[in-house]
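Shown below: structure35.csv, with CSV, C-alpha atoms.
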chain,number,residue,atom,x,y,z
A,1,MET,CA,-10.6,-16.0,-8.9
A,2,GLY,CA,-13.9,-17.5,-9.8
A,3,ALA,CA,-14.8,-19.5,-12.9
A,4,GLN,CA,-16.5,-16.5,-14.6
A,5,GLN,CA,-13.4,-14.3,-14.1
A,6,VAL,CA,-11.1,-17.0,-15.5
A,7,ARG,CA,-13.5,-17.3,-18.5
A,8,GLU,CA,-13.5,-13.6,-19.1
A,9,ARG,CA,-9.7,-13.3,-18.8
A,10,PHE,CA,-9.3,-16.1,-21.3
A,11,THR,CA,-11.5,-14.2,-23.8
A,12,GLU,CA,-9.4,-11.1,-23.3
A,13,LEU,CA,-6.2,-13.0,-23.9
A,14,TYR,CA,-7.2,-15.2,-26.8
A,15,GLY,CA,-10.0,-13.2,-28.5
A,16,ALA,CA,-12.7,-15.9,-28.2
A,17,GLU,CA,-14.7,-17.7,-25.5
A,18,PRO,CA,-13.1,-20.8,-24.0
A,19,GLU,CA,-14.7,-24.2,-24.8
A,20,GLY,CA,-14.9,-24.9,-21.1
A,21,VAL,CA,-13.7,-24.2,-17.5
A,22,TRP,CA,-12.3,-26.9,-15.2
A,23,ALA,CA,-11.0,-27.0,-11.6
A,24,ALA,CA,-8.7,-29.3,-9.7
A,25,PRO,CA,-7.9,-29.0,-6.0
A,26,GLY,CA,-4.8,-29.0,-3.9
A,27,ARG,CA,-4.7,-31.6,-1.1
A,28,VAL,CA,-3.8,-32.2,2.5
A,29,ASN,CA,-2.4,-35.6,3.3
A,30,LEU,CA,-4.0,-36.7,6.6
A,31,ILE,CA,-1.5,-39.6,7.1
A,32,GLY,CA,0.8,-41.6,4.9
A,33,GLU,CA,3.9,-39.6,4.1
A,34,HIS,CA,6.5,-40.7,1.6
A,35,THR,CA,4.8,-44.1,1.5
A,36,ASP,CA,3.5,-43.6,-2.1
A,37,TYR,CA,6.7,-44.2,-3.9
A,38,ASN,CA,7.2,-47.3,-1.7
A,39,ASP,CA,3.9,-48.9,-3.0
A,40,GLY,CA,2.3,-48.1,0.4
A,41,PHE,CA,-0.9,-46.6,1.8
A,42,VAL,CA,-1.8,-42.9,1.8
A,43,MET,CA,-4.8,-40.9,3.0
A,44,PRO,CA,-5.2,-37.5,1.4
A,45,PHE,CA,-8.3,-35.3,1.1
A,46,ALA,CA,-9.0,-32.4,-1.3
A,47,LEU,CA,-8.9,-28.8,-0.2
A,48,PRO,CA,-11.3,-26.0,-1.3
A,49,HIS,CA,-8.2,-24.3,-2.8
A,50,GLN,CA,-7.9,-25.1,-6.5
A,51,VAL,CA,-6.4,-24.4,-9.8
A,52,THR,CA,-9.0,-23.2,-12.4
A,53,ALA,CA,-8.4,-23.5,-16.1
A,54,ALA,CA,-10.2,-22.1,-19.1
A,55,VAL,CA,-9.2,-24.0,-22.2
A,56,SER,CA,-9.9,-24.3,-25.9
A,57,ARG,CA,-8.6,-26.8,-28.5
A,58,ARG,CA,-6.2,-25.8,-31.3
A,59,THR,CA,-5.4,-27.9,-34.4
A,60,ASP,CA,-2.1,-26.3,-35.4
A,61,GLY,CA,0.3,-28.0,-33.0
A,62,LEU,CA,0.7,-25.0,-30.7
A,63,LEU,CA,0.2,-24.8,-26.9
A,64,ARG,CA,-0.4,-21.3,-25.6
A,65,LEU,CA,-0.2,-20.8,-21.8
A,66,HIS,CA,-1.0,-18.0,-19.4
A,67,SER,CA,-1.3,-17.7,-15.7
A,68,ALA,CA,-3.1,-15.1,-13.7
A,69,ASP,CA,-0.6,-15.6,-10.8
A,70,ILE,CA,2.7,-15.1,-12.7
A,71,GLU,CA,3.8,-12.0,-14.4
A,72,GLY,CA,4.3,-12.3,-18.1
A,73,GLU,CA,2.6,-12.6,-21.5
A,74,VAL,CA,1.1,-15.6,-23.1
A,75,VAL,CA,3.8,-18.3,-23.6
A,76,GLU,CA,3.7,-20.1,-26.9
A,77,LEU,CA,5.2,-23.6,-27.4
A,78,ALA,CA,5.3,-25.9,-30.3
A,79,LEU,CA,4.1,-29.4,-29.4
A,80,ASP,CA,6.7,-31.1,-31.6
A,81,GLY,CA,9.4,-29.3,-29.6
A,82,LEU,CA,8.2,-30.5,-26.2
A,83,ALA,CA,10.8,-32.7,-24.5
A,84,PRO,CA,12.0,-33.4,-21.0
A,85,GLY,CA,14.6,-31.0,-19.7
A,86,THR,CA,13.7,-28.2,-22.1
A,87,ASP,CA,11.7,-26.0,-19.6
A,88,ASP,CA,12.5,-25.1,-16.0
A,89,ASP,CA,9.7,-22.6,-15.6
A,90,TRP,CA,6.1,-23.0,-14.4
A,91,THR,CA,5.0,-23.9,-17.9
A,92,ALA,CA,6.8,-27.2,-17.6
A,93,TYR,CA,3.9,-28.6,-15.6
A,94,PRO,CA,1.1,-28.1,-18.2
A,95,ALA,CA,3.5,-28.6,-21.1
A,96,GLY,CA,4.6,-31.9,-19.5
A,97,VAL,CA,1.0,-33.1,-19.3
A,98,VAL,CA,0.5,-32.4,-23.0
A,99,TRP,CA,3.8,-34.2,-23.7
A,100,ALA,CA,2.8,-37.2,-21.6
A,101,LEU,CA,-0.6,-37.5,-23.3
A,102,ARG,CA,1.0,-37.4,-26.8
A,103,GLU,CA,3.7,-39.8,-25.8
A,104,ALA,CA,1.0,-42.2,-24.7
A,105,GLY,CA,-0.6,-41.9,-28.2
A,106,HIS,CA,-3.5,-39.6,-27.4
A,107,PRO,CA,-4.3,-37.2,-30.3
A,108,VAL,CA,-3.8,-33.8,-28.6
A,109,THR,CA,-3.3,-31.2,-31.3
A,110,GLY,CA,-2.8,-28.0,-29.3
A,111,ALA,CA,-4.6,-25.8,-26.8
A,112,ASP,CA,-5.1,-22.3,-25.5
A,113,VAL,CA,-5.0,-22.3,-21.7
A,114,HIS,CA,-5.5,-19.6,-19.0
A,115,LEU,CA,-4.9,-20.6,-15.4
A,116,ALA,CA,-5.6,-19.1,-12.0
A,117,SER,CA,-4.8,-20.8,-8.6
A,118,THR,CA,-5.7,-20.3,-5.0
A,119,VAL,CA,-3.5,-23.2,-3.9
A,120,PRO,CA,-0.5,-21.9,-1.9
A,121,THR,CA,2.7,-22.7,-3.8
A,122,GLY,CA,5.6,-24.3,-1.9
A,123,ALA,CA,3.3,-25.2,1.0
A,124,GLY,CA,3.2,-28.9,0.6
A,125,LEU,CA,-0.4,-28.8,-0.6
A,126,SER,CA,0.2,-30.1,-4.1
A,127,SER,CA,-0.2,-26.9,-6.2
A,128,SER,CA,1.8,-28.6,-9.0
A,129,ALA,CA,-0.4,-31.7,-9.1
A,130,ALA,CA,-3.5,-29.5,-9.2
A,131,LEU,CA,-2.1,-27.6,-12.1
A,132,GLU,CA,-1.3,-30.9,-14.0
A,133,VAL,CA,-4.6,-32.5,-13.2
A,134,VAL,CA,-6.8,-29.6,-14.3
A,135,VAL,CA,-5.0,-29.4,-17.7
A,136,ALA,CA,-5.2,-33.2,-18.1
A,137,LEU,CA,-8.9,-33.2,-17.3
A,138,ALA,CA,-9.6,-30.4,-19.7
A,139,LEU,CA,-7.8,-32.0,-22.6
A,140,ASP,CA,-9.4,-35.4,-21.8
A,141,ASP,CA,-12.8,-33.7,-22.1
A,142,LEU,CA,-12.0,-31.6,-25.2
A,143,PHE,CA,-10.3,-34.3,-27.2
A,144,GLY,CA,-12.8,-37.0,-26.2
A,145,LEU,CA,-10.0,-39.3,-24.7
A,146,ASP,CA,-12.4,-40.8,-22.1
A,147,LEU,CA,-9.5,-41.8,-19.8
A,148,PRO,CA,-10.3,-43.0,-16.3
A,149,ARG,CA,-9.3,-40.7,-13.5
A,150,TRP,CA,-6.6,-43.1,-12.2
A,151,LYS,CA,-5.0,-43.1,-15.7
A,152,LEU,CA,-5.1,-39.3,-15.9
A,153,ALA,CA,-3.3,-39.2,-12.5
A,154,ARG,CA,-0.6,-41.7,-13.8
A,155,LEU,CA,0.0,-39.5,-16.9
A,156,CYS,CA,0.3,-36.4,-14.7
A,157,GLN,CA,2.8,-38.2,-12.5
A,158,ARG,CA,4.8,-39.2,-15.6
A,159,ALA,CA,4.8,-35.5,-16.6
A,160,GLU,CA,6.2,-34.5,-13.2
A,161,ASN,CA,8.7,-37.3,-13.0
A,162,VAL,CA,10.1,-37.3,-16.5
A,163,TYR,CA,9.3,-33.9,-18.0
A,164,VAL,CA,9.7,-31.7,-14.9
A,165,GLY,CA,12.3,-34.0,-13.3
A,166,ALA,CA,10.7,-34.3,-9.8
A,167,PRO,CA,10.7,-37.9,-8.5
A,168,THR,CA,7.2,-37.7,-6.8
A,169,GLY,CA,4.9,-40.6,-6.2
A,170,ILE,CA,1.3,-41.0,-7.4
A,171,MET,CA,-0.6,-39.7,-4.3
A,172,ASP,CA,-0.8,-36.0,-5.2
A,173,GLN,CA,-2.2,-36.4,-8.7
A,174,THR,CA,-4.7,-39.2,-7.6
A,175,ALA,CA,-5.9,-37.0,-4.7
A,176,SER,CA,-6.6,-34.1,-7.0
A,177,ALA,CA,-8.3,-36.2,-9.6
A,178,CYS,CA,-10.3,-38.6,-7.4
A,179,CYS,CA,-11.1,-37.2,-3.9
A,180,ALA,CA,-14.7,-36.8,-2.9
A,181,GLU,CA,-16.4,-34.0,-0.8
A,182,GLY,CA,-16.6,-34.9,2.9
A,183,HIS,CA,-14.3,-37.9,2.6
A,184,ALA,CA,-10.6,-38.8,2.9
A,185,LEU,CA,-9.2,-41.1,0.1
A,186,PHE,CA,-7.7,-44.3,1.3
A,187,LEU,CA,-5.4,-45.2,-1.6
A,188,ASP,CA,-3.3,-48.3,-2.1
A,189,THR,CA,-0.5,-46.9,-4.3
A,190,ARG,CA,0.5,-50.3,-5.6
A,191,ASP,CA,-2.7,-51.3,-7.3
A,192,LEU,CA,-4.4,-47.8,-7.1
A,193,SER,CA,-7.5,-49.3,-5.4
A,194,GLN,CA,-9.4,-46.6,-3.5
A,195,ARG,CA,-11.9,-46.3,-0.7
A,196,GLN,CA,-13.6,-43.1,0.2
A,197,ILE,CA,-13.6,-42.9,4.0
A,198,PRO,CA,-16.2,-40.5,5.6
A,199,PHE,CA,-14.4,-37.6,7.2
A,200,ASP,CA,-17.0,-35.0,8.3
A,201,LEU,CA,-15.2,-33.1,11.0
A,202,ALA,CA,-17.8,-30.4,11.5
A,203,ALA,CA,-20.4,-33.0,12.4
A,204,GLU,CA,-18.1,-34.1,15.2
A,205,GLY,CA,-17.4,-30.6,16.5
A,206,LEU,CA,-13.8,-30.8,15.2
A,207,ARG,CA,-11.6,-28.8,12.8
A,208,LEU,CA,-8.4,-29.6,11.0
A,209,LEU,CA,-6.2,-26.6,10.7
A,210,VAL,CA,-3.4,-26.1,8.2
A,211,VAL,CA,-0.4,-24.1,9.3
A,212,ASP,CA,1.5,-22.9,6.2
A,213,THR,CA,4.9,-22.1,7.6
A,214,ARG,CA,5.8,-20.2,4.4
A,215,VAL,CA,9.1,-22.0,4.3
A,216,LYS,CA,9.3,-23.0,0.6
A,217,HIS,CA,10.2,-26.5,-0.4
A,218,ALA,CA,10.9,-28.0,-3.9
A,219,HIS,CA,10.3,-31.7,-4.8
A,220,SER,CA,13.0,-31.5,-7.5
A,221,GLY,CA,15.6,-30.7,-4.8
A,222,GLY,CA,18.2,-33.3,-3.9
A,223,GLU,CA,17.0,-34.2,-0.4
A,224,TYR,CA,13.7,-35.7,-1.6
A,225,GLY,CA,15.5,-37.8,-4.2
A,226,LYS,CA,18.0,-39.0,-1.5
A,227,ARG,CA,15.2,-40.3,0.6
A,228,ARG,CA,13.6,-42.1,-2.3
A,229,ALA,CA,16.9,-43.7,-3.3
A,230,GLY,CA,17.5,-44.7,0.3
A,231,CYS,CA,14.1,-46.4,0.5
A,232,GLU,CA,14.9,-48.3,-2.8
A,233,LYS,CA,18.2,-49.4,-1.3
A,234,GLY,CA,16.5,-50.7,1.8
A,235,ALA,CA,14.0,-52.7,-0.3
A,236,ALA,CA,16.9,-54.2,-2.3
A,237,LEU,CA,18.9,-55.1,0.8
A,238,LEU,CA,15.8,-56.8,2.2
A,239,GLY,CA,15.0,-58.6,-1.0
A,240,VAL,CA,11.6,-57.2,-1.5
A,241,ASP,CA,10.0,-55.3,-4.5
A,242,ALA,CA,9.2,-52.3,-2.2
A,243,LEU,CA,9.1,-51.4,1.5
A,244,ARG,CA,5.4,-52.0,1.3
A,245,ASP,CA,6.3,-55.7,1.4
A,246,VAL,CA,7.9,-55.5,4.9
A,247,ALA,CA,5.2,-56.5,7.4
A,248,TYR,CA,4.8,-54.4,10.5
A,249,ASP,CA,5.1,-57.4,12.8
A,250,GLY,CA,8.3,-58.3,10.9
A,251,LEU,CA,9.9,-54.9,11.3
A,252,ASP,CA,12.4,-55.8,14.1
A,253,ALA,CA,13.7,-58.7,12.1
A,254,ALA,CA,14.0,-56.6,9.0
A,255,LEU,CA,16.0,-53.9,10.8
A,256,GLU,CA,18.2,-56.6,12.3
A,257,GLN,CA,18.8,-57.9,8.8
A,258,LEU,CA,20.0,-54.5,7.7
A,259,GLY,CA,22.8,-54.6,10.3
A,260,SER,CA,23.9,-52.1,12.9
A,261,GLU,CA,26.9,-50.6,11.2
A,262,GLU,CA,27.0,-46.8,11.1
A,263,ASP,CA,26.6,-46.7,7.3
A,264,ALA,CA,23.4,-48.7,7.6
A,265,ASP,CA,21.8,-46.3,10.1
A,266,GLU,CA,20.2,-44.1,7.5
A,267,VAL,CA,18.6,-46.9,5.6
A,268,ARG,CA,17.3,-48.4,8.9
A,269,ARG,CA,15.7,-45.2,9.8
A,270,LEU,CA,14.0,-44.8,6.4
A,271,VAL,CA,12.7,-48.4,6.5
A,272,ARG,CA,11.4,-47.9,10.0
A,273,HIS,CA,9.4,-44.8,9.0
A,274,ILE,CA,7.8,-46.4,5.9
A,275,VAL,CA,6.8,-49.6,7.7
A,276,THR,CA,5.3,-47.8,10.7
A,277,GLU,CA,3.7,-45.1,8.6
A,278,ASN,CA,1.8,-47.7,6.5
A,279,ARG,CA,0.5,-49.1,9.8
A,280,ARG,CA,-0.5,-45.6,11.0
A,281,VAL,CA,-2.6,-45.2,7.8
A,282,GLU,CA,-4.3,-48.5,8.5
A,283,ARG,CA,-5.0,-47.4,12.1
A,284,VAL,CA,-6.5,-44.1,11.0
A,285,VAL,CA,-8.8,-46.0,8.6
A,286,GLU,CA,-9.9,-48.3,11.4
A,287,LEU,CA,-10.6,-45.4,13.7
A,288,LEU,CA,-12.5,-43.3,11.2
A,289,THR,CA,-14.5,-46.3,10.0
A,290,SER,CA,-15.5,-47.1,13.6
A,291,GLY,CA,-16.5,-43.4,14.2
A,292,ASP,CA,-13.7,-42.7,16.7
A,293,VAL,CA,-12.4,-39.5,15.0
A,294,ARG,CA,-10.8,-37.9,18.0
A,295,ALA,CA,-8.6,-41.0,18.5
A,296,ILE,CA,-6.7,-40.3,15.3
A,297,GLY,CA,-5.0,-37.4,17.0
A,298,PRO,CA,-2.2,-39.3,18.7
A,299,VAL,CA,-1.6,-41.3,15.5
A,300,LEU,CA,-1.0,-38.0,13.6
A,301,THR,CA,1.5,-36.9,16.3
A,302,GLU,CA,3.3,-40.3,16.1
A,303,GLY,CA,3.6,-39.7,12.4
A,304,HIS,CA,5.3,-36.3,13.0
A,305,ALA,CA,7.9,-37.8,15.4
A,306,SER,CA,8.7,-40.5,12.8
A,307,LEU,CA,9.1,-37.9,10.0
A,308,ARG,CA,11.2,-35.7,12.3
A,309,ASP,CA,13.5,-38.3,13.8
A,310,ASP,CA,13.6,-41.2,11.3
A,311,PHE,CA,13.0,-39.6,7.9
A,312,ARG,CA,14.5,-36.3,9.0
A,313,ILE,CA,12.6,-34.1,6.8
A,314,SER,CA,11.1,-31.6,9.3
A,315,CYS,CA,12.5,-28.2,10.0
A,316,PRO,CA,12.4,-25.8,13.0
A,317,GLU,CA,9.3,-24.0,11.8
A,318,LEU,CA,7.3,-27.2,11.3
A,319,ASP,CA,8.4,-28.5,14.7
A,320,LEU,CA,7.4,-25.3,16.3
A,321,ALA,CA,4.0,-25.4,14.7
A,322,VAL,CA,3.4,-28.9,15.8
A,323,ASP,CA,4.7,-28.5,19.4
A,324,THR,CA,2.8,-25.2,19.9
A,325,ALA,CA,-0.4,-26.7,18.5
A,326,LEU,CA,-0.2,-29.6,20.9
A,327,ALA,CA,0.6,-27.4,23.9
A,328,ALA,CA,-2.4,-25.3,23.0
A,329,GLY,CA,-4.8,-28.2,23.1
A,330,ALA,CA,-4.7,-29.9,19.7
A,331,LEU,CA,-5.7,-33.5,19.7
A,332,GLY,CA,-2.9,-34.3,17.3
A,333,ALA,CA,-0.5,-32.5,14.9
A,334,ARG,CA,2.1,-33.3,12.3
A,335,MET,CA,3.9,-32.0,9.3
A,336,THR,CA,2.2,-32.8,6.0
A,337,GLY,CA,3.7,-33.1,2.5
A,338,GLY,CA,7.2,-33.7,1.2
A,339,GLY,CA,9.0,-31.9,4.0
A,340,PHE,CA,11.9,-29.4,4.3
A,341,GLY,CA,9.2,-26.7,4.8
A,342,GLY,CA,5.6,-26.4,3.7
A,343,SER,CA,2.7,-27.0,6.1
A,344,ALA,CA,1.7,-28.7,9.3
A,345,ILE,CA,-1.8,-29.9,10.3
A,346,ALA,CA,-3.5,-29.9,13.7
A,347,LEU,CA,-6.7,-31.7,14.7
A,348,ALA,CA,-8.6,-29.7,17.3
A,349,GLU,CA,-12.0,-29.1,18.9
A,350,ALA,CA,-13.9,-26.4,17.1
A,351,SER,CA,-13.9,-24.4,20.4
A,352,ALA,CA,-10.1,-24.4,20.5
A,353,VAL,CA,-9.4,-23.0,17.0
A,354,ASP,CA,-9.0,-19.4,18.0
A,355,THR,CA,-6.7,-20.2,20.9
A,356,LEU,CA,-4.6,-22.6,18.9
A,357,THR,CA,-4.3,-20.1,16.0
A,358,LYS,CA,-3.2,-17.3,18.3
A,359,ALA,CA,-0.7,-19.5,20.1
A,360,VAL,CA,1.0,-20.6,16.8
A,361,GLU,CA,1.1,-17.0,15.4
A,362,GLU,CA,2.6,-15.7,18.7
A,363,ALA,CA,5.2,-18.5,18.8
A,364,PHE,CA,6.3,-17.8,15.3
A,365,ALA,CA,6.6,-14.1,16.1
A,366,ALA,CA,8.6,-14.8,19.3
A,367,ALA,CA,11.0,-17.0,17.3
A,368,GLY,CA,11.5,-14.3,14.6
A,369,TYR,CA,9.9,-16.4,11.9
A,370,THR,CA,7.8,-15.2,9.0
A,371,ALA,CA,4.1,-15.1,10.1
A,372,PRO,CA,2.4,-18.4,9.2
A,373,ARG,CA,-0.8,-18.6,7.3
A,374,VAL,CA,-3.4,-20.7,9.3
A,375,PHE,CA,-6.6,-21.8,7.7
A,376,GLU,CA,-9.2,-24.6,8.0
A,377,ALA,CA,-9.0,-27.6,5.8
A,378,VAL,CA,-12.4,-28.8,4.7
A,379,PRO,CA,-12.6,-32.1,2.7
A,380,SER,CA,-13.7,-30.9,-0.7
A,381,PRO,CA,-14.5,-32.3,-4.2
A,382,GLY,CA,-11.9,-33.5,-6.6
A,383,ALA,CA,-11.3,-32.3,-10.2
A,384,ARG,CA,-14.4,-31.4,-12.1
A,385,ARG,CA,-15.8,-29.4,-15.0
A,386,LEU,CA,-17.3,-26.1,-13.9
A,387,GLY,CA,-18.9,-25.0,-17.1
Can you present the structure in this file as structure tokens?
Amino acid sequence: MGAQQVRERFTELYGAEPEGVWAAPGRVNLIGEHTDYNDGFVMPFALPHQVTAAVSRRTDGLLRLHSADIEGEVVELALDGLAPGTDDDWTAYPAGVVWALREAGHPVTGADVHLASTVPTGAGLSSSAALEVVVALALDDLFGLDLPRWKLARLCQRAENVYVGAPTGIMDQTASACCAEGHALFLDTRDLSQRQIPFDLAAEGLRLLVVDTRVKHAHSGGEYGKRRAGCEKGAALLGVDALRDVAYDGLDAALEQLGSEEDADEVRRLVRHIVTENRRVERVVELLTSGDVRAIGPVLTEGHASLRDDFRISCPELDLAVDTALAAGALGARMTGGGFGGSAIALAEASAVDTLTKAVEEAFAAAGYTAPRVFEAVPSPGARRLG
């Protein structure tokens, strides 16, 4: 749904033109999975798929929400009644942003909001972060808050962590808020320093495909929280603030320090993934900076093996997508996102796209899985005002 359609639907719903229309994209994480809540490195880029929001201010303490993608009437909430744990519906994401802004002392007095999304939900492409960021950016503009993008991302993360109850890191919101067209974002999640790394695949004759397995995942589920708690336990046992502080060349010594007992095995695996994944992000940055784009393929594939075997968050559909893509000629492939479903990515020569897509679709059909959705990921702009 385009900006004009969203504007027109807002007017139908609320009886007046919106004060503006904003958009925030979903993201693909090229490399750097589950490192964000370990103060590590990540490298996402924005998708052309986005959440669009038409918004106007209110002064009466009411928040009115409507989505083009979910059946139902306008939902009306009193700002004074917003509190963590009070909402387990989709409205918790935009309401959580309003709550977080007000908790931080920003004078948001209410809003009318109409939303429409083209970001696949449950696909590991950060539909929730896009929803949060578009609302935050609109309110920042309308209420003259003048917050830097990194701070908006932090407030959106707080909304998801505290209000929604999903223990996600900072990557998704920062990617939606800060990514640049034609680039991947090299983000240090400890100090939030950023570098835009050129990532023009078309100029190299390459494509990056997303395979949405259509296996739904949910960050608020217990498995994600278990991995995060395990990483925190590993850091505590090693006497560091976060696993980011374990040097790659000191990994063997760190694993030895954790012991070889059976009950230490899970923590050892988690630590090994985080430390090696941080190094993989650094390697991809080095390769892209030197112009050797094709050489990142094997690094992506290494990342999948680590997520599958050490972090143990893959699933049969993701493994099939990766294995089939590689067998069909992909330069590299891996799952992307939080895991337990969602999407895989595959780096391929432009000439191989049709063959690869057909191979994945046929493999899913032969396995009796739901047909996947395969599409090209083009590095796109971050959140912005459309009009």
* Considering all atoms listed in the file, return as an MDAnalysis selection string whatever protein or nucleic-acid residues lie within 6 Å of Pro44 (chain A), sequence-local ones (same chain, fewer than 6 positions apart) excluded. => chainID A and resid 28:30 184:185
Show which residues sit within 10 Å of His49 (chain A), as a PDB file with C-alpha atoms, in the frame of the given file. Count only C-alpha atoms, and ignore same-chain residues fewer than 2 positions away.
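Heads up, here's the output in result-v3.pdb:
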ATOM      1  CA  ALA A  23     -11.000 -27.000 -11.600  1.00  0.00           C
ATOM      2  CA  ALA A  24      -8.700 -29.300  -9.700  1.00  0.00           C
ATOM      3  CA  PRO A  25      -7.900 -29.000  -6.000  1.00  0.00           C
ATOM      4  CA  GLY A  26      -4.800 -29.000  -3.900  1.00  0.00           C
ATOM      5  CA  ARG A  27      -4.700 -31.600  -1.100  1.00  0.00           C
ATOM      6  CA  ALA A  46      -9.000 -32.400  -1.300  1.00  0.00           C
ATOM      7  CA  LEU A  47      -8.900 -28.800  -0.200  1.00  0.00           C
ATOM      8  CA  VAL A  51      -6.400 -24.400  -9.800  1.00  0.00           C
ATOM      9  CA  THR A  52      -9.000 -23.200 -12.400  1.00  0.00           C
ATOM     10  CA  SER A 117      -4.800 -20.800  -8.600  1.00  0.00           C
ATOM     11  CA  THR A 118      -5.700 -20.300  -5.000  1.00  0.00           C
ATOM     12  CA  VAL A 119      -3.500 -23.200  -3.900  1.00  0.00           C
ATOM     13  CA  PRO A 120      -0.500 -21.900  -1.900  1.00  0.00           C
ATOM     14  CA  LEU A 125      -0.400 -28.800  -0.600  1.00  0.00           C
ATOM     15  CA  SER A 127      -0.200 -26.900  -6.200  1.00  0.00           C
ATOM     16  CA  ALA A 130      -3.500 -29.500  -9.200  1.00  0.00           C
ATOM     17  CA  ALA A 377      -9.000 -27.600   5.800  1.00  0.00           C
ATOM     18  CA  VAL A 378     -12.400 -28.800   4.700  1.00  0.00           C
ATOM     19  CA  SER A 380     -13.700 -30.900  -0.700  1.00  0.00           C
TER      20      SER A 380
END
* Which neighbours of region 138-147 of chain A fall inside 9 Å, counting only C-alpha atoms, when residues of the same chain fewer than 3 positions from it are skipped, and could you give them as number ranges by chain? -> A: 19-23, 53-57, 98, 106-109, 111, 133-135, 150-152, 385
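Counting all atoms listed in the file and comparing A:Val210, A:Ala352, A:Cys315, A:Val267, the residue that lies closest to Gly338 (chain A) is A:Cys315.
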Could you pull the residues within 8 Å of Gln173 (chain A), counting only C-alpha atoms, minus those fewer than 3 positions along the same chain, as a PDB file with C-alpha atoms, in the frame of the given file?
ATOM      1  CA  ALA A 129      -0.400 -31.700  -9.100  1.00  0.00           C
ATOM      2  CA  ALA A 130      -3.500 -29.500  -9.200  1.00  0.00           C
ATOM      3  CA  GLU A 132      -1.300 -30.900 -14.000  1.00  0.00           C
ATOM      4  CA  VAL A 133      -4.600 -32.500 -13.200  1.00  0.00           C
ATOM      5  CA  ALA A 153      -3.300 -39.200 -12.500  1.00  0.00           C
ATOM      6  CA  ARG A 154      -0.600 -41.700 -13.800  1.00  0.00           C
ATOM      7  CA  CYS A 156       0.300 -36.400 -14.700  1.00  0.00           C
ATOM      8  CA  GLN A 157       2.800 -38.200 -12.500  1.00  0.00           C
ATOM      9  CA  ILE A 170       1.300 -41.000  -7.400  1.00  0.00           C
ATOM     10  CA  SER A 176      -6.600 -34.100  -7.000  1.00  0.00           C
ATOM     11  CA  ALA A 177      -8.300 -36.200  -9.600  1.00  0.00           C
TER      12      ALA A 177
END
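Pairwise distance (CA of Ala264 (chain A), CA of Thr168 (chain A)) equals 24.3 Å.
For the choices A:Ala175, A:Leu65, A:Thr355, A:Pro148, the atom-to-atom distance to Ala383 (chain A) is smallest for A:Ala175 when using only C-alpha atoms.
Closest approach to Asp354 (chain A) among A:Phe375, A:Trp90, A:Phe186, A:Phe45: A:Phe375, based on all atoms listed in the file.
Among the candidates A:Arg268, A:Arg283, A:His304, A:Arg149, the residue lying nearest to Leu326 (chain A) is A:His304 (atoms considered: all atoms listed in the file).
Note that the spacing between CA of Glu376 (chain A) and CA of Arg280 (chain A) amounts to 22.9 Å.
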Selection near Thr276 (chain A), 9 Å with only C-alpha atoms, sequence-local residues under 6 positions removed, as a PDB file with C-alpha atoms, keeping the file's coordinate frame:
ATOM      1  CA  TYR A 248       4.800 -54.400  10.500  1.00  0.00           C
ATOM      2  CA  LEU A 251       9.900 -54.900  11.300  1.00  0.00           C
ATOM      3  CA  GLY A 303       3.600 -39.700  12.400  1.00  0.00           C
ATOM      4  CA  SER A 306       8.700 -40.500  12.800  1.00  0.00           C
TER       5      SER A 306
END
Which residues of region 152-245 of chain A come within 9 Å of region 91-96 of chain A, and what is each one's closest atom pair and distance in Å (one decimal), counting all atoms listed in the file, sorted by chain and residue number, as a Markdown table?
| residue | atom | partner | partner_atom | distance |
| --- | --- | --- | --- | --- |
| A:Cys156 | CA | A:Gly96 | CA | 7.9 |
| A:Arg158 | CA | A:Gly96 | CA | 8.3 |
| A:Ala159 | CA | A:Gly96 | CA | 4.6 |
| A:Glu160 | CA | A:Tyr93 | CA | 6.8 |
| A:Val162 | CA | A:Gly96 | CA | 8.3 |
| A:Tyr163 | CA | A:Gly96 | CA | 5.3 |
| A:Val164 | CA | A:Ala92 | CA | 6.0 |
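Comparing the minimum interatomic distances between Val6 (chain A) and each of A:Val211, A:Leu62, A:Ala78, A:Ala116, counting all atoms listed in the file, we find that A:Ala116 sits nearest.
Using all atoms listed in the file, the smallest distance between any of A:Gly239, A:Gly169, A:Gly110, A:Gly205 and Ala254 (chain A) comes from A:Gly239.
Pairwise distance (CA of Ala344 (chain A), CA of Tyr224 (chain A)) equals 17.7 Å.
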* Answer as a PyMOL selection string, residues within 6 Å of (-4.9, -25.8, 21.2) using only C-alpha atoms -> chain A and resi 325+328-330+352+355-356
